[in-house]
>>> print(open('data-v8.pdb').read())   # PDB, C-alpha atoms
ATOM      1  CA  ASP A  87      18.097  34.558  -8.296
ATOM      2  CA  ASN A  88      14.385  34.441  -9.024
ATOM      3  CA  ASP A  89      14.101  30.999  -7.426
ATOM      4  CA  LYS A  90      15.552  32.298  -4.152
ATOM      5  CA  VAL A  91      13.102  35.205  -4.066
ATOM      6  CA  GLU A  92      10.146  32.946  -4.873
ATOM      7  CA  ALA A  93      11.236  30.411  -2.248
ATOM      8  CA  GLU A  94      11.410  33.172   0.345
ATOM      9  CA  ILE A  95       7.944  34.451  -0.599
ATOM     10  CA  LEU A  96       6.524  30.928  -0.482
ATOM     11  CA  SER A  97       8.072  30.261   2.909
ATOM     12  CA  GLN A  98       6.573  33.480   4.292
ATOM     13  CA  LEU A  99       3.155  32.602   2.907
ATOM     14  CA  LEU A 100       3.433  29.106   4.367
ATOM     15  CA  LEU A 101       4.419  30.428   7.787
ATOM     16  CA  ALA A 102       1.490  32.864   7.719
ATOM     17  CA  ASP A 103      -0.852  29.996   6.700
ATOM     18  CA  LEU A 104      -1.814  31.900   3.547
ATOM     19  CA  LEU A 105      -1.207  29.124   1.011
ATOM     20  CA  PRO A 106      -4.424  27.441  -0.106
ATOM     21  CA  GLU A 107      -4.636  23.672   0.057
ATOM     22  CA  ALA A 108      -4.452  21.866  -3.239
ATOM     23  CA  TRP A 109      -7.549  19.895  -4.138
ATOM     24  CA  ILE A 110      -7.284  16.721  -6.152
ATOM     25  CA  ALA A 111     -10.547  15.594  -7.652
ATOM     26  CA  PRO A 112     -11.682  12.117  -6.646
ATOM     27  CA  PRO A 113     -11.321   9.321  -9.230
ATOM     28  CA  GLN A 114     -15.024   9.447 -10.083
ATOM     29  CA  VAL A 115     -14.845  13.165 -10.914
ATOM     30  CA  ARG A 116     -11.631  12.722 -12.940
ATOM     31  CA  SER A 117     -13.242   9.880 -14.867
ATOM     32  CA  LEU A 118     -16.315  11.982 -15.649
ATOM     33  CA  ARG A 119     -14.130  14.890 -16.773
ATOM     34  CA  ALA A 120     -12.192  12.577 -19.091
ATOM     35  CA  LEU A 121     -15.441  11.271 -20.549
ATOM     36  CA  LEU A 122     -16.728  14.808 -21.125
ATOM     37  CA  ARG A 123     -13.441  15.868 -22.759
ATOM     38  CA  HIS A 124     -13.686  12.866 -25.078
ATOM     39  CA  ARG A 125     -17.299  13.698 -25.947
ATOM     40  CA  ALA A 126     -16.396  17.310 -26.698
ATOM     41  CA  GLN A 127     -13.609  16.122 -29.008
ATOM     42  CA  LEU A 128     -16.035  13.803 -30.814
ATOM     43  CA  VAL A 129     -18.533  16.647 -31.251
ATOM     44  CA  ARG A 130     -15.777  18.860 -32.709
ATOM     45  CA  SER A 131     -14.796  16.073 -35.104
ATOM     46  CA  ARG A 132     -18.409  15.578 -36.174
ATOM     47  CA  THR A 133     -18.792  19.300 -36.848
ATOM     48  CA  LEU A 134     -15.552  19.375 -38.849
ATOM     49  CA  LEU A 135     -16.644  16.425 -40.981
ATOM     50  CA  ARG A 136     -20.133  17.824 -41.585
ATOM     51  CA  ASN A 137     -18.644  21.129 -42.695
ATOM     52  CA  ARG A 138     -16.244  19.345 -45.059
ATOM     53  CA  ILE A 139     -19.068  17.292 -46.565
ATOM     54  CA  HIS A 140     -21.201  20.383 -47.076
ATOM     55  CA  ALA A 141     -18.267  22.173 -48.710
ATOM     56  CA  VAL A 142     -17.723  19.284 -51.137
ATOM     57  CA  LEU A 143     -21.433  19.168 -51.946
ATOM     58  CA  ALA A 144     -21.445  22.935 -52.517
ATOM     59  CA  ASP A 145     -18.453  22.592 -54.865
ATOM     60  CA  PHE A 146     -20.527  20.183 -56.960
ATOM     61  CA  GLY A 147     -23.549  22.483 -56.958
ATOM     62  CA  TYR A 148     -25.718  20.706 -54.413
ATOM     63  CA  ALA A 149     -27.683  22.786 -51.994
ATOM     64  CA  ARG A 150     -26.978  22.226 -48.334
ATOM     65  CA  PRO A 151     -29.681  19.919 -46.940
TER      66      PRO A 151
END
>>> encode(input="data-v8.pdb", output="structure tokens")
Amino acid sequence: DNDKVEAEILSQLLLADLLPEAWIAPPQVRSLRALLRHRAQLVRSRTLLRNRIHAVLADFGYARP
């Protein structure tokens, strides 16, 4: 039932030229985004590991450098 209603709404929007065009990023942009996502993940991993190391050091009584 919902699909029929949504299809009708979409068809009306299409007929009225009210549906925006989809934009697909060019390969260069997608590649850069993938690189940035990977860098962000590496930074998160580095932060996690640093925090773990500092916690272990604190457990053994060493001050955080």
>>> residues_around(input="data-v8.pdb", residues="Ile139 of chain A", least_positions_apart="4", cutoff="12 Å", atoms="only C-alpha atoms", output="ChimeraX atom specification")
/A:132-135,143-146,148-151
>>> atom_distance(input="data-v8.pdb", atom1="atom CA of Ala93 of chain A", atom2="atom CA of Leu105 of chain A")
12.9 Å
>>> axis_aligned_box(input="data-v8.pdb", around="segment 129-138 of chain A", padding_each_side="6 Å", output="AutoDock Vina command-line options")
--center_x -17.5 --center_y 18.4 --center_z -38.2 --size_x 17.3 --size_y 17.6 --size_z 25.8
>>> atom_distance(input="data-v8.pdb", atom1="atom CA of Val129 of chain A", atom2="atom CA of Val115 of chain A")
21.0 Å
>>> atom_distance(input="data-v8.pdb", atom1="atom CA of His140 of chain A", atom2="atom CA of Leu122 of chain A")
26.9 Å
>>> build_atoms(input="data-v8.pdb", residues="segment 114-140 of chain A", atoms="N, CA, C and O atoms", output="PDB file, keeping the file's coordinate frame")
ATOM      1  N   GLN A 114     -13.744   9.391  -9.375  1.00  0.00           N
ATOM      2  CA  GLN A 114     -15.024   9.447 -10.083  1.00  0.00           C
ATOM      3  C   GLN A 114     -15.162  10.755 -10.859  1.00  0.00           C
ATOM      4  O   GLN A 114     -15.618  10.768 -12.008  1.00  0.00           O
ATOM      5  N   VAL A 115     -14.763  11.854 -10.257  1.00  0.00           N
ATOM      6  CA  VAL A 115     -14.845  13.165 -10.914  1.00  0.00           C
ATOM      7  C   VAL A 115     -13.851  13.220 -12.078  1.00  0.00           C
ATOM      8  O   VAL A 115     -14.178  13.705 -13.170  1.00  0.00           O
ATOM      9  N   ARG A 116     -12.628  12.722 -11.866  1.00  0.00           N
ATOM     10  CA  ARG A 116     -11.631  12.722 -12.940  1.00  0.00           C
ATOM     11  C   ARG A 116     -12.098  11.880 -14.116  1.00  0.00           C
ATOM     12  O   ARG A 116     -11.919  12.255 -15.274  1.00  0.00           O
ATOM     13  N   SER A 117     -12.729  10.753 -13.817  1.00  0.00           N
ATOM     14  CA  SER A 117     -13.242   9.880 -14.867  1.00  0.00           C
ATOM     15  C   SER A 117     -14.335  10.581 -15.674  1.00  0.00           C
ATOM     16  O   SER A 117     -14.362  10.514 -16.903  1.00  0.00           O
ATOM     17  N   LEU A 118     -15.246  11.255 -14.972  1.00  0.00           N
ATOM     18  CA  LEU A 118     -16.315  11.982 -15.649  1.00  0.00           C
ATOM     19  C   LEU A 118     -15.751  13.109 -16.509  1.00  0.00           C
ATOM     20  O   LEU A 118     -16.191  13.315 -17.646  1.00  0.00           O
ATOM     21  N   ARG A 119     -14.765  13.815 -15.995  1.00  0.00           N
ATOM     22  CA  ARG A 119     -14.130  14.890 -16.773  1.00  0.00           C
ATOM     23  C   ARG A 119     -13.489  14.344 -18.042  1.00  0.00           C
ATOM     24  O   ARG A 119     -13.591  14.950 -19.110  1.00  0.00           O
ATOM     25  N   ALA A 120     -12.820  13.194 -17.919  1.00  0.00           N
ATOM     26  CA  ALA A 120     -12.192  12.577 -19.091  1.00  0.00           C
ATOM     27  C   ALA A 120     -13.248  12.192 -20.118  1.00  0.00           C
ATOM     28  O   ALA A 120     -13.063  12.397 -21.329  1.00  0.00           O
ATOM     29  N   LEU A 121     -14.355  11.648 -19.652  1.00  0.00           N
ATOM     30  CA  LEU A 121     -15.441  11.271 -20.549  1.00  0.00           C
ATOM     31  C   LEU A 121     -16.008  12.494 -21.261  1.00  0.00           C
ATOM     32  O   LEU A 121     -16.249  12.471 -22.477  1.00  0.00           O
ATOM     33  N   LEU A 122     -16.191  13.578 -20.528  1.00  0.00           N
ATOM     34  CA  LEU A 122     -16.728  14.808 -21.125  1.00  0.00           C
ATOM     35  C   LEU A 122     -15.748  15.422 -22.117  1.00  0.00           C
ATOM     36  O   LEU A 122     -16.157  15.945 -23.160  1.00  0.00           O
ATOM     37  N   ARG A 123     -14.436  15.365 -21.802  1.00  0.00           N
ATOM     38  CA  ARG A 123     -13.441  15.868 -22.759  1.00  0.00           C
ATOM     39  C   ARG A 123     -13.488  15.056 -24.046  1.00  0.00           C
ATOM     40  O   ARG A 123     -13.410  15.604 -25.144  1.00  0.00           O
ATOM     41  N   HIS A 124     -13.627  13.732 -23.902  1.00  0.00           N
ATOM     42  CA  HIS A 124     -13.686  12.866 -25.078  1.00  0.00           C
ATOM     43  C   HIS A 124     -14.936  13.168 -25.904  1.00  0.00           C
ATOM     44  O   HIS A 124     -14.879  13.262 -27.127  1.00  0.00           O
ATOM     45  N   ARG A 125     -16.069  13.369 -25.237  1.00  0.00           N
ATOM     46  CA  ARG A 125     -17.299  13.698 -25.947  1.00  0.00           C
ATOM     47  C   ARG A 125     -17.155  15.022 -26.693  1.00  0.00           C
ATOM     48  O   ARG A 125     -17.579  15.146 -27.843  1.00  0.00           O
ATOM     49  N   ALA A 126     -16.584  16.007 -26.049  1.00  0.00           N
ATOM     50  CA  ALA A 126     -16.396  17.310 -26.698  1.00  0.00           C
ATOM     51  C   ALA A 126     -15.520  17.174 -27.936  1.00  0.00           C
ATOM     52  O   ALA A 126     -15.794  17.797 -28.972  1.00  0.00           O
ATOM     53  N   GLN A 127     -14.478  16.337 -27.850  1.00  0.00           N
ATOM     54  CA  GLN A 127     -13.609  16.122 -29.008  1.00  0.00           C
ATOM     55  C   GLN A 127     -14.378  15.435 -30.136  1.00  0.00           C
ATOM     56  O   GLN A 127     -14.220  15.787 -31.312  1.00  0.00           O
ATOM     57  N   LEU A 128     -15.230  14.477 -29.798  1.00  0.00           N
ATOM     58  CA  LEU A 128     -16.035  13.803 -30.814  1.00  0.00           C
ATOM     59  C   LEU A 128     -17.011  14.771 -31.481  1.00  0.00           C
ATOM     60  O   LEU A 128     -17.213  14.727 -32.697  1.00  0.00           O
ATOM     61  N   VAL A 129     -17.605  15.654 -30.699  1.00  0.00           N
ATOM     62  CA  VAL A 129     -18.533  16.647 -31.251  1.00  0.00           C
ATOM     63  C   VAL A 129     -17.791  17.585 -32.201  1.00  0.00           C
ATOM     64  O   VAL A 129     -18.283  17.912 -33.288  1.00  0.00           O
ATOM     65  N   ARG A 130     -16.573  18.001 -31.823  1.00  0.00           N
ATOM     66  CA  ARG A 130     -15.777  18.860 -32.709  1.00  0.00           C
ATOM     67  C   ARG A 130     -15.453  18.141 -34.017  1.00  0.00           C
ATOM     68  O   ARG A 130     -15.526  18.729 -35.096  1.00  0.00           O
ATOM     69  N   SER A 131     -15.100  16.857 -33.905  1.00  0.00           N
ATOM     70  CA  SER A 131     -14.796  16.073 -35.104  1.00  0.00           C
ATOM     71  C   SER A 131     -16.021  15.954 -36.001  1.00  0.00           C
ATOM     72  O   SER A 131     -15.928  16.075 -37.222  1.00  0.00           O
ATOM     73  N   ARG A 132     -17.175  15.693 -35.396  1.00  0.00           N
ATOM     74  CA  ARG A 132     -18.409  15.578 -36.174  1.00  0.00           C
ATOM     75  C   ARG A 132     -18.699  16.881 -36.914  1.00  0.00           C
ATOM     76  O   ARG A 132     -19.038  16.876 -38.098  1.00  0.00           O
ATOM     77  N   THR A 133     -18.544  18.001 -36.230  1.00  0.00           N
ATOM     78  CA  THR A 133     -18.792  19.300 -36.848  1.00  0.00           C
ATOM     79  C   THR A 133     -17.828  19.539 -38.009  1.00  0.00           C
ATOM     80  O   THR A 133     -18.243  19.997 -39.084  1.00  0.00           O
ATOM     81  N   LEU A 134     -16.554  19.213 -37.800  1.00  0.00           N
ATOM     82  CA  LEU A 134     -15.552  19.375 -38.849  1.00  0.00           C
ATOM     83  C   LEU A 134     -15.919  18.551 -40.083  1.00  0.00           C
ATOM     84  O   LEU A 134     -15.880  19.043 -41.212  1.00  0.00           O
ATOM     85  N   LEU A 135     -16.295  17.301 -39.864  1.00  0.00           N
ATOM     86  CA  LEU A 135     -16.644  16.425 -40.981  1.00  0.00           C
ATOM     87  C   LEU A 135     -17.905  16.894 -41.696  1.00  0.00           C
ATOM     88  O   LEU A 135     -17.971  16.872 -42.929  1.00  0.00           O
ATOM     89  N   ARG A 136     -18.902  17.303 -40.956  1.00  0.00           N
ATOM     90  CA  ARG A 136     -20.133  17.824 -41.585  1.00  0.00           C
ATOM     91  C   ARG A 136     -19.818  19.035 -42.456  1.00  0.00           C
ATOM     92  O   ARG A 136     -20.338  19.157 -43.569  1.00  0.00           O
ATOM     93  N   ASN A 137     -18.996  19.934 -41.922  1.00  0.00           N
ATOM     94  CA  ASN A 137     -18.644  21.129 -42.695  1.00  0.00           C
ATOM     95  C   ASN A 137     -17.882  20.765 -43.963  1.00  0.00           C
ATOM     96  O   ASN A 137     -18.101  21.359 -45.024  1.00  0.00           O
ATOM     97  N   ARG A 138     -16.982  19.785 -43.876  1.00  0.00           N
ATOM     98  CA  ARG A 138     -16.244  19.345 -45.059  1.00  0.00           C
ATOM     99  C   ARG A 138     -17.185  18.748 -46.101  1.00  0.00           C
ATOM    100  O   ARG A 138     -17.062  19.017 -47.296  1.00  0.00           O
ATOM    101  N   ILE A 139     -18.111  17.916 -45.642  1.00  0.00           N
ATOM    102  CA  ILE A 139     -19.068  17.292 -46.565  1.00  0.00           C
ATOM    103  C   ILE A 139     -19.914  18.359 -47.253  1.00  0.00           C
ATOM    104  O   ILE A 139     -20.114  18.322 -48.472  1.00  0.00           O
ATOM    105  N   HIS A 140     -20.393  19.316 -46.491  1.00  0.00           N
ATOM    106  CA  HIS A 140     -21.201  20.383 -47.076  1.00  0.00           C
ATOM    107  C   HIS A 140     -20.388  21.213 -48.066  1.00  0.00           C
ATOM    108  O   HIS A 140     -20.912  21.641 -49.100  1.00  0.00           O
TER     109      HIS A 140
END
